[in-house]
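Here the structure is laid out as structure tokens; the discussion comes afterwards.
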Amino acid sequence: MNKKSCISQWMAIVCAWLFLLNIGSVFHAQSNKTTEGFTANGISVPSKSISYTSFHYWDKLDGQGTAITVIEPQKIYGELYYVGTAGFCSYLLNTGDGLLLFDTTGEEEILSKHIEKLGFAAKDVKWIFDTHYHNDHAGGNYGIVTKSKAKIYIHERGIERLELGLGKGKIPDGFEVVGLKGGETITCGKYKIFVIYTPGHSQDSCCFSVDIPGEHGTKKALVMGDASGVLCDVAWQKKEGYEGGGRDYRKTIPLMKTLEFDLLLAGHPWQIVKETNTDGNPFVSREDYYRFLDNRYKLTDKFLKLHPKYE
Ligand SMILES: [Zn+2]
């Protein structure tokens with residue numbers, strides 16, 4: 001081996017090592033399980049749910065509520081706020097150097113009002129992270145971007161589909177979109193957003209991980225969007241033009257099981273209220289998270305056995 005190729009091999013090993021070091025903190029060390037709970041990378045994840053916030057997800061949909069029923073915007077933890085509706089989630093992070101939104105719901109007017117009610121302004125949104133292109137997650141992008149010129153981050157496979165999510169012709173001039181691949185860390189003010197590619201629900205589904213300092217120390221938030229649920233519907237799969245969803249999903253659920261978090265930030269409130277913590281507490285325990293993922297996997301499994309073409 002000549003000296004040059006030896007050096008490049010070593011550089012590749014060092015790069016791989018740095019990459020693993022970088023992503024290591026979001027993956028859960030299952031071997032550290034104790035009877036009291038889990039400890040992963042110095043962060044204790046209790047097996048029983050302990051709430052460090054007065055924020056709770058709501059279930060207003062069983063009454064007269066609709067997905068767009070307005071819910072008071074609220075602080076969740078540290079500088080993280082809930083600005084979504086009763087059915088569609090959106091989260092605001094005050095980075096100290098501009099505002100960041102995780103998903104924009106399909107209801108930009110409500111979203112902007114919620115941002116104002118908290119004492120902020122939509123024009124100060126600098127970053128939008130879309131978990132995927134579906135309208136109920138990315139539909140508010142247009143309104144926010146026209147007010148703020150925010151930069152949009154979405155998985156690269158979602159870019160050509162954004163028009164489907166936003167509506168035809170709803171891509172304004174100066175619309176700046178950054179395509180994600182997964183595995184990257186993006187610095188936004190004092191926060192670092194780690195991107196995890198989790199296809200299955202849609203071809204561009206991503207989860208985002210971010211550490212949030214607050215009153216009870218730093219907590220790790222996992223923004224999961226709809227990554228946990230494949231669309232078990234033939235018509236949908238056809239419309240999406242994504243028939244490998246089942247195959248991708250079978251890899252994504254085991255990957256999601258390795259993700260570390262304290263706070264589980266849902267794509268829709270019912271993912272917490274109906275499927276994990278009935279009291280709506282976003283500090284979801286590991287056991288409840290596994291049960292949630294296992295139940296969703298079973299549903300998909302049933303669908304795929306009926307429709308092997310989507311396997
Ligand atoms: Zn979706």
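Starting from 1 in every chain, residues are counted up; chains themselves are A, B, ... following the order of the structure tokens, and ligands are numbered from 1 as listed.
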With only C-alpha atoms and all ligand atoms counted and 12 Å as the cut-off, give the residues of chain A in contact with ligand 1, each with its shortest interatomic distance in Å and the pair that gives it, as JSON lines.
```
{"residue": "A:Phe88", "atom": "CA", "partner": "ligand 1", "partner_atom_place_in_ligand_line": "1 (Zn)", "distance": 10.3}
{"residue": "A:Cys89", "atom": "CA", "partner": "ligand 1", "partner_atom_place_in_ligand_line": "1 (Zn)", "distance": 11.4}
{"residue": "A:Asp103", "atom": "CA", "partner": "ligand 1", "partner_atom_place_in_ligand_line": "1 (Zn)", "distance": 11.0}
{"residue": "A:Thr105", "atom": "CA", "partner": "ligand 1", "partner_atom_place_in_ligand_line": "1 (Zn)", "distance": 10.6}
{"residue": "A:Gly106", "atom": "CA", "partner": "ligand 1", "partner_atom_place_in_ligand_line": "1 (Zn)", "distance": 11.5}
{"residue": "A:Asp130", "atom": "CA", "partner": "ligand 1", "partner_atom_place_in_ligand_line": "1 (Zn)", "distance": 10.6}
{"residue": "A:Thr131", "atom": "CA", "partner": "ligand 1", "partner_atom_place_in_ligand_line": "1 (Zn)", "distance": 8.5}
{"residue": "A:His132", "atom": "CA", "partner": "ligand 1", "partner_atom_place_in_ligand_line": "1 (Zn)", "distance": 6.7}
{"residue": "A:Tyr133", "atom": "CA", "partner": "ligand 1", "partner_atom_place_in_ligand_line": "1 (Zn)", "distance": 7.4}
{"residue": "A:His134", "atom": "CA", "partner": "ligand 1", "partner_atom_place_in_ligand_line": "1 (Zn)", "distance": 5.0}
{"residue": "A:Asn135", "atom": "CA", "partner": "ligand 1", "partner_atom_place_in_ligand_line": "1 (Zn)", "distance": 7.7}
{"residue": "A:Asp136", "atom": "CA", "partner": "ligand 1", "partner_atom_place_in_ligand_line": "1 (Zn)", "distance": 7.0}
{"residue": "A:His137", "atom": "CA", "partner": "ligand 1", "partner_atom_place_in_ligand_line": "1 (Zn)", "distance": 7.0}
{"residue": "A:Ala138", "atom": "CA", "partner": "ligand 1", "partner_atom_place_in_ligand_line": "1 (Zn)", "distance": 9.5}
{"residue": "A:Gly139", "atom": "CA", "partner": "ligand 1", "partner_atom_place_in_ligand_line": "1 (Zn)", "distance": 11.2}
{"residue": "A:Gly158", "atom": "CA", "partner": "ligand 1", "partner_atom_place_in_ligand_line": "1 (Zn)", "distance": 11.7}
{"residue": "A:Gly165", "atom": "CA", "partner": "ligand 1", "partner_atom_place_in_ligand_line": "1 (Zn)", "distance": 9.6}
{"residue": "A:Pro199", "atom": "CA", "partner": "ligand 1", "partner_atom_place_in_ligand_line": "1 (Zn)", "distance": 11.0}
{"residue": "A:Gly200", "atom": "CA", "partner": "ligand 1", "partner_atom_place_in_ligand_line": "1 (Zn)", "distance": 10.1}
{"residue": "A:His201", "atom": "CA", "partner": "ligand 1", "partner_atom_place_in_ligand_line": "1 (Zn)", "distance": 6.5}
{"residue": "A:Ser202", "atom": "CA", "partner": "ligand 1", "partner_atom_place_in_ligand_line": "1 (Zn)", "distance": 6.8}
{"residue": "A:Gln203", "atom": "CA", "partner": "ligand 1", "partner_atom_place_in_ligand_line": "1 (Zn)", "distance": 10.3}
{"residue": "A:Asp204", "atom": "CA", "partner": "ligand 1", "partner_atom_place_in_ligand_line": "1 (Zn)", "distance": 10.0}
{"residue": "A:Ser205", "atom": "CA", "partner": "ligand 1", "partner_atom_place_in_ligand_line": "1 (Zn)", "distance": 8.2}
{"residue": "A:Cys206", "atom": "CA", "partner": "ligand 1", "partner_atom_place_in_ligand_line": "1 (Zn)", "distance": 10.9}
{"residue": "A:Met224", "atom": "CA", "partner": "ligand 1", "partner_atom_place_in_ligand_line": "1 (Zn)", "distance": 10.9}
{"residue": "A:Gly225", "atom": "CA", "partner": "ligand 1", "partner_atom_place_in_ligand_line": "1 (Zn)", "distance": 7.5}
{"residue": "A:Asp226", "atom": "CA", "partner": "ligand 1", "partner_atom_place_in_ligand_line": "1 (Zn)", "distance": 5.4}
{"residue": "A:Ala227", "atom": "CA", "partner": "ligand 1", "partner_atom_place_in_ligand_line": "1 (Zn)", "distance": 8.0}
{"residue": "A:Ser228", "atom": "CA", "partner": "ligand 1", "partner_atom_place_in_ligand_line": "1 (Zn)", "distance": 10.0}
{"residue": "A:Gly229", "atom": "CA", "partner": "ligand 1", "partner_atom_place_in_ligand_line": "1 (Zn)", "distance": 8.4}
{"residue": "A:Val230", "atom": "CA", "partner": "ligand 1", "partner_atom_place_in_ligand_line": "1 (Zn)", "distance": 8.8}
{"residue": "A:Leu231", "atom": "CA", "partner": "ligand 1", "partner_atom_place_in_ligand_line": "1 (Zn)", "distance": 8.2}
{"residue": "A:Cys232", "atom": "CA", "partner": "ligand 1", "partner_atom_place_in_ligand_line": "1 (Zn)", "distance": 11.9}
{"residue": "A:Trp236", "atom": "CA", "partner": "ligand 1", "partner_atom_place_in_ligand_line": "1 (Zn)", "distance": 10.8}
{"residue": "A:Gln237", "atom": "CA", "partner": "ligand 1", "partner_atom_place_in_ligand_line": "1 (Zn)", "distance": 11.9}
{"residue": "A:Glu240", "atom": "CA", "partner": "ligand 1", "partner_atom_place_in_ligand_line": "1 (Zn)", "distance": 10.8}
{"residue": "A:Ala266", "atom": "CA", "partner": "ligand 1", "partner_atom_place_in_ligand_line": "1 (Zn)", "distance": 11.6}
{"residue": "A:Gly267", "atom": "CA", "partner": "ligand 1", "partner_atom_place_in_ligand_line": "1 (Zn)", "distance": 8.2}
{"residue": "A:His268", "atom": "CA", "partner": "ligand 1", "partner_atom_place_in_ligand_line": "1 (Zn)", "distance": 9.5}
```
Would you export the selected residues with N, CA and C atoms as a compact mmCIF listing (two decimals), in the first residue's frame, please?
```txt
# COMPACT_ATOMS: atom_id res chain seq x y z
N PHE A 88 -53.16 18.97 14.99
CA PHE A 88 -51.90 19.07 14.24
C PHE A 88 -50.84 19.75 15.08
N CYS A 89 -49.71 19.11 15.22
CA CYS A 89 -48.66 19.66 16.10
C CYS A 89 -47.68 20.56 15.38
N ASP A 103 -42.37 21.67 11.99
CA ASP A 103 -43.66 21.54 11.31
C ASP A 103 -44.49 22.82 11.44
N THR A 105 -48.07 22.84 10.51
CA THR A 105 -49.49 22.47 10.40
C THR A 105 -50.03 22.94 9.04
N GLY A 106 -51.31 22.72 8.79
CA GLY A 106 -51.90 23.25 7.56
C GLY A 106 -52.60 24.56 7.83
N ASP A 130 -39.35 20.54 8.50
CA ASP A 130 -40.55 19.74 8.22
C ASP A 130 -40.22 18.26 8.43
N THR A 131 -41.05 17.58 9.24
CA THR A 131 -40.82 16.15 9.42
C THR A 131 -41.11 15.39 8.12
N HIS A 132 -42.04 15.91 7.31
CA HIS A 132 -42.33 15.36 5.98
C HIS A 132 -43.24 16.34 5.25
N TYR A 133 -43.51 16.04 3.98
CA TYR A 133 -44.16 17.03 3.12
C TYR A 133 -45.69 17.12 3.26
N HIS A 134 -46.33 16.19 3.98
CA HIS A 134 -47.80 16.19 4.04
C HIS A 134 -48.34 17.53 4.52
N ASN A 135 -49.50 17.89 3.95
CA ASN A 135 -50.07 19.21 4.19
C ASN A 135 -50.27 19.56 5.66
N ASP A 136 -50.64 18.56 6.47
CA ASP A 136 -50.89 18.85 7.89
C ASP A 136 -49.59 19.05 8.68
N HIS A 137 -48.45 18.95 8.00
CA HIS A 137 -47.15 19.18 8.65
C HIS A 137 -46.39 20.33 7.98
N ALA A 138 -46.53 20.43 6.65
CA ALA A 138 -45.77 21.45 5.91
C ALA A 138 -46.66 22.52 5.30
N GLY A 139 -47.98 22.37 5.47
CA GLY A 139 -48.93 23.26 4.80
C GLY A 139 -48.84 24.72 5.21
N GLY A 158 -38.35 14.80 -0.19
CA GLY A 158 -39.61 15.53 -0.01
C GLY A 158 -39.68 16.80 -0.82
N GLY A 165 -47.85 18.85 -0.88
CA GLY A 165 -48.22 19.17 0.49
C GLY A 165 -48.71 20.60 0.65
N PRO A 199 -37.83 6.78 6.86
CA PRO A 199 -38.90 6.63 5.86
C PRO A 199 -39.84 5.47 6.19
N GLY A 200 -41.03 5.51 5.61
CA GLY A 200 -42.03 4.46 5.83
C GLY A 200 -43.41 5.08 5.74
N HIS A 201 -43.67 6.05 6.62
CA HIS A 201 -44.93 6.79 6.55
C HIS A 201 -44.98 7.56 5.22
N SER A 202 -43.88 8.17 4.89
CA SER A 202 -43.69 8.82 3.59
C SER A 202 -42.22 8.62 3.23
N GLN A 203 -41.90 8.86 1.98
CA GLN A 203 -40.51 8.59 1.58
C GLN A 203 -39.52 9.59 2.15
N ASP A 204 -40.03 10.70 2.69
CA ASP A 204 -39.12 11.75 3.18
C ASP A 204 -39.20 11.93 4.71
N SER A 205 -39.86 11.01 5.42
CA SER A 205 -40.05 11.21 6.87
C SER A 205 -38.72 11.27 7.62
N CYS A 206 -38.61 12.28 8.48
CA CYS A 206 -37.43 12.43 9.32
C CYS A 206 -37.86 12.66 10.77
N MET A 224 -40.94 13.48 16.39
CA MET A 224 -41.05 12.26 15.58
C MET A 224 -42.02 12.38 14.40
N GLY A 225 -42.76 13.49 14.32
CA GLY A 225 -43.71 13.61 13.19
C GLY A 225 -44.59 12.38 13.12
N ASP A 226 -44.77 11.85 11.92
CA ASP A 226 -45.61 10.66 11.74
C ASP A 226 -44.76 9.42 11.43
N ALA A 227 -43.47 9.49 11.72
CA ALA A 227 -42.56 8.41 11.30
C ALA A 227 -42.98 7.04 11.80
N SER A 228 -43.74 7.00 12.90
CA SER A 228 -44.11 5.71 13.49
C SER A 228 -45.27 5.04 12.77
N GLY A 229 -45.89 5.71 11.81
CA GLY A 229 -47.09 5.11 11.21
C GLY A 229 -47.04 5.04 9.70
N VAL A 230 -47.09 3.82 9.18
CA VAL A 230 -47.16 3.70 7.73
C VAL A 230 -48.61 3.90 7.30
N LEU A 231 -48.82 4.40 6.10
CA LEU A 231 -50.20 4.62 5.64
C LEU A 231 -50.76 3.31 5.12
N CYS A 232 -51.56 2.64 5.96
CA CYS A 232 -52.10 1.33 5.61
C CYS A 232 -53.34 1.49 4.73
N TRP A 236 -53.98 5.47 -0.79
CA TRP A 236 -52.97 6.43 -0.37
C TRP A 236 -51.61 6.09 -0.95
N GLN A 237 -51.29 4.80 -0.85
CA GLN A 237 -49.97 4.37 -1.34
C GLN A 237 -49.83 4.67 -2.83
N GLU A 240 -49.43 8.39 -3.28
CA GLU A 240 -48.08 8.79 -2.87
C GLU A 240 -47.03 8.36 -3.88
N ALA A 266 -44.91 14.61 19.47
CA ALA A 266 -45.72 13.90 18.49
C ALA A 266 -45.98 14.73 17.24
N GLY A 267 -46.43 14.04 16.19
CA GLY A 267 -46.89 14.74 14.99
C GLY A 267 -48.35 15.13 15.14
N HIS A 268 -49.07 14.32 15.92
CA HIS A 268 -50.49 14.57 16.23
C HIS A 268 -50.69 14.25 17.71
```
Open item on the list: Can you tell me which residues surround segment 118-127 of chain A at a distance of at most 6 Å, considering only C-alpha atoms, apart from same-chain residues fewer than 6 positions away, and format the answer as a list in words?
Closed with: Gly98, Leu99, Leu100, Ser112, Lys147, Ser148, Ala150 and Lys151 of chain A
Residues from last step as file, N, CA and C atoms, as a tab-separated table (two decimals), in the first residue's frame:
```tsv
chain	number	residue	atom	x	y	z
A	98	GLY	N	-33.16	34.00	16.62
A	98	GLY	CA	-34.26	33.75	15.69
A	98	GLY	C	-35.07	32.57	16.16
A	99	LEU	N	-36.26	32.42	15.56
A	99	LEU	CA	-37.18	31.35	15.97
A	99	LEU	C	-37.05	30.16	15.03
A	100	LEU	N	-37.36	29.00	15.58
A	100	LEU	CA	-37.31	27.76	14.79
A	100	LEU	C	-38.66	27.07	14.94
A	112	SER	N	-49.51	31.54	13.25
A	112	SER	CA	-48.94	32.90	13.42
A	112	SER	C	-49.53	33.58	14.65
A	147	LYS	N	-43.82	35.70	5.25
A	147	LYS	CA	-43.68	36.71	6.30
A	147	LYS	C	-42.24	36.85	6.77
A	148	SER	N	-41.49	35.76	6.68
A	148	SER	CA	-40.22	35.74	7.40
A	148	SER	C	-38.98	35.45	6.56
A	150	ALA	N	-37.95	32.52	6.07
A	150	ALA	CA	-37.28	31.42	6.79
A	150	ALA	C	-36.74	30.38	5.80
A	151	LYS	N	-35.69	29.72	6.20
A	151	LYS	CA	-35.11	28.64	5.39
A	151	LYS	C	-35.82	27.34	5.78
```
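In terms of minimum interatomic distance to Pro308 of chain A, A:Val234 ranks closest within A:Ile50, A:Val234, A:Ile159, A:Val284, counting only C-alpha atoms.
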Task: For Phe55 of chain A, the nearest of the candidates A:Gln74, A:Thr69, A:Thr95, A:Asn295, counting only C-alpha atoms - done: A:Gln74
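The shortest atom-to-atom distance to Lys298 of chain A, with only C-alpha atoms taken into account, belongs to A:Gly246 out of A:Gly246, A:Pro73, A:Gly143, A:Gly217.
The protein and nucleic acid residues lying at most 9 Å from Tyr91 of chain A are Leu80, Tyr81, Tyr82, Val83, Gly84, Cys89, Leu93, Leu100, Leu101, Phe102, Asp103, Thr104, Val223 and Leu265 of chain A, with only C-alpha atoms considered and sequence neighbours fewer than 2 positions away removed.
Between atom CA of Ile115 of chain A and atom CA of Val210 of chain A the separation is 20.2 Å.
The neighbours of segment 270-279 of chain A here are the residues that come within 7 Å of it, using only C-alpha atoms and leaving out any residue fewer than 6 positions away in the same chain; they are Tyr57, Trp58, Asp59, Asp288, Tyr289 and Phe292 of chain A.
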Could those residues be written to a file, using N, CA and C atoms, as a PDB file, in the first residue's frame?
```
ATOM      1  N   TYR A  57     -50.613  17.166  26.251  1.00  0.00           N
ATOM      2  CA  TYR A  57     -51.395  17.079  25.001  1.00  0.00           C
ATOM      3  C   TYR A  57     -52.856  16.896  25.380  1.00  0.00           C
ATOM      4  N   TRP A  58     -53.735  17.280  24.467  1.00  0.00           N
ATOM      5  CA  TRP A  58     -55.156  17.217  24.761  1.00  0.00           C
ATOM      6  C   TRP A  58     -55.849  16.274  23.812  1.00  0.00           C
ATOM      7  N   ASP A  59     -56.980  15.782  24.253  1.00  0.00           N
ATOM      8  CA  ASP A  59     -57.826  14.995  23.364  1.00  0.00           C
ATOM      9  C   ASP A  59     -59.175  15.686  23.279  1.00  0.00           C
ATOM     10  N   ASP A 288     -43.645   2.601  27.477  1.00  0.00           N
ATOM     11  CA  ASP A 288     -44.814   3.071  26.723  1.00  0.00           C
ATOM     12  C   ASP A 288     -44.452   3.348  25.264  1.00  0.00           C
ATOM     13  N   TYR A 289     -43.233   3.826  25.056  1.00  0.00           N
ATOM     14  CA  TYR A 289     -42.758   4.108  23.696  1.00  0.00           C
ATOM     15  C   TYR A 289     -42.640   2.798  22.909  1.00  0.00           C
ATOM     16  N   PHE A 292     -46.106   1.461  22.092  1.00  0.00           N
ATOM     17  CA  PHE A 292     -46.651   2.294  21.016  1.00  0.00           C
ATOM     18  C   PHE A 292     -46.096   1.846  19.651  1.00  0.00           C
TER      19      PHE A 292
END
```
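Secondary structure from DSSP on the backbone puts helix (DSSP H, G or I) at the following positions of segment 153-257 of chain A: Glu156, Arg157, Gly158, Ile159, Leu162, Glu163, Leu164, Gly165, Leu166, Val234, Ala235, Trp236, Gln237, Lys238, Lys239, Glu240, Gly245, Gly246, Arg247, Asp248, Tyr249, Arg250, Lys251, Thr252, Ile253, Pro254, Leu255, Met256 and Lys257 of chain A.
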Open item on the list: When you count only C-alpha atoms, which of these residues is closest to Asp294 of chain A: A:Lys257, A:His216, A:Lys190, A:Lys75?
Closed with: A:Lys257
Task: DSSP strand (DSSP E) selection over segment 44-226 of chain A, as a ChimeraX atom specification - done: /A:44-46,74-77,80-82,91-94,99-102,125-129,151-155,176-180,185-188,191-197,206-212,219-225
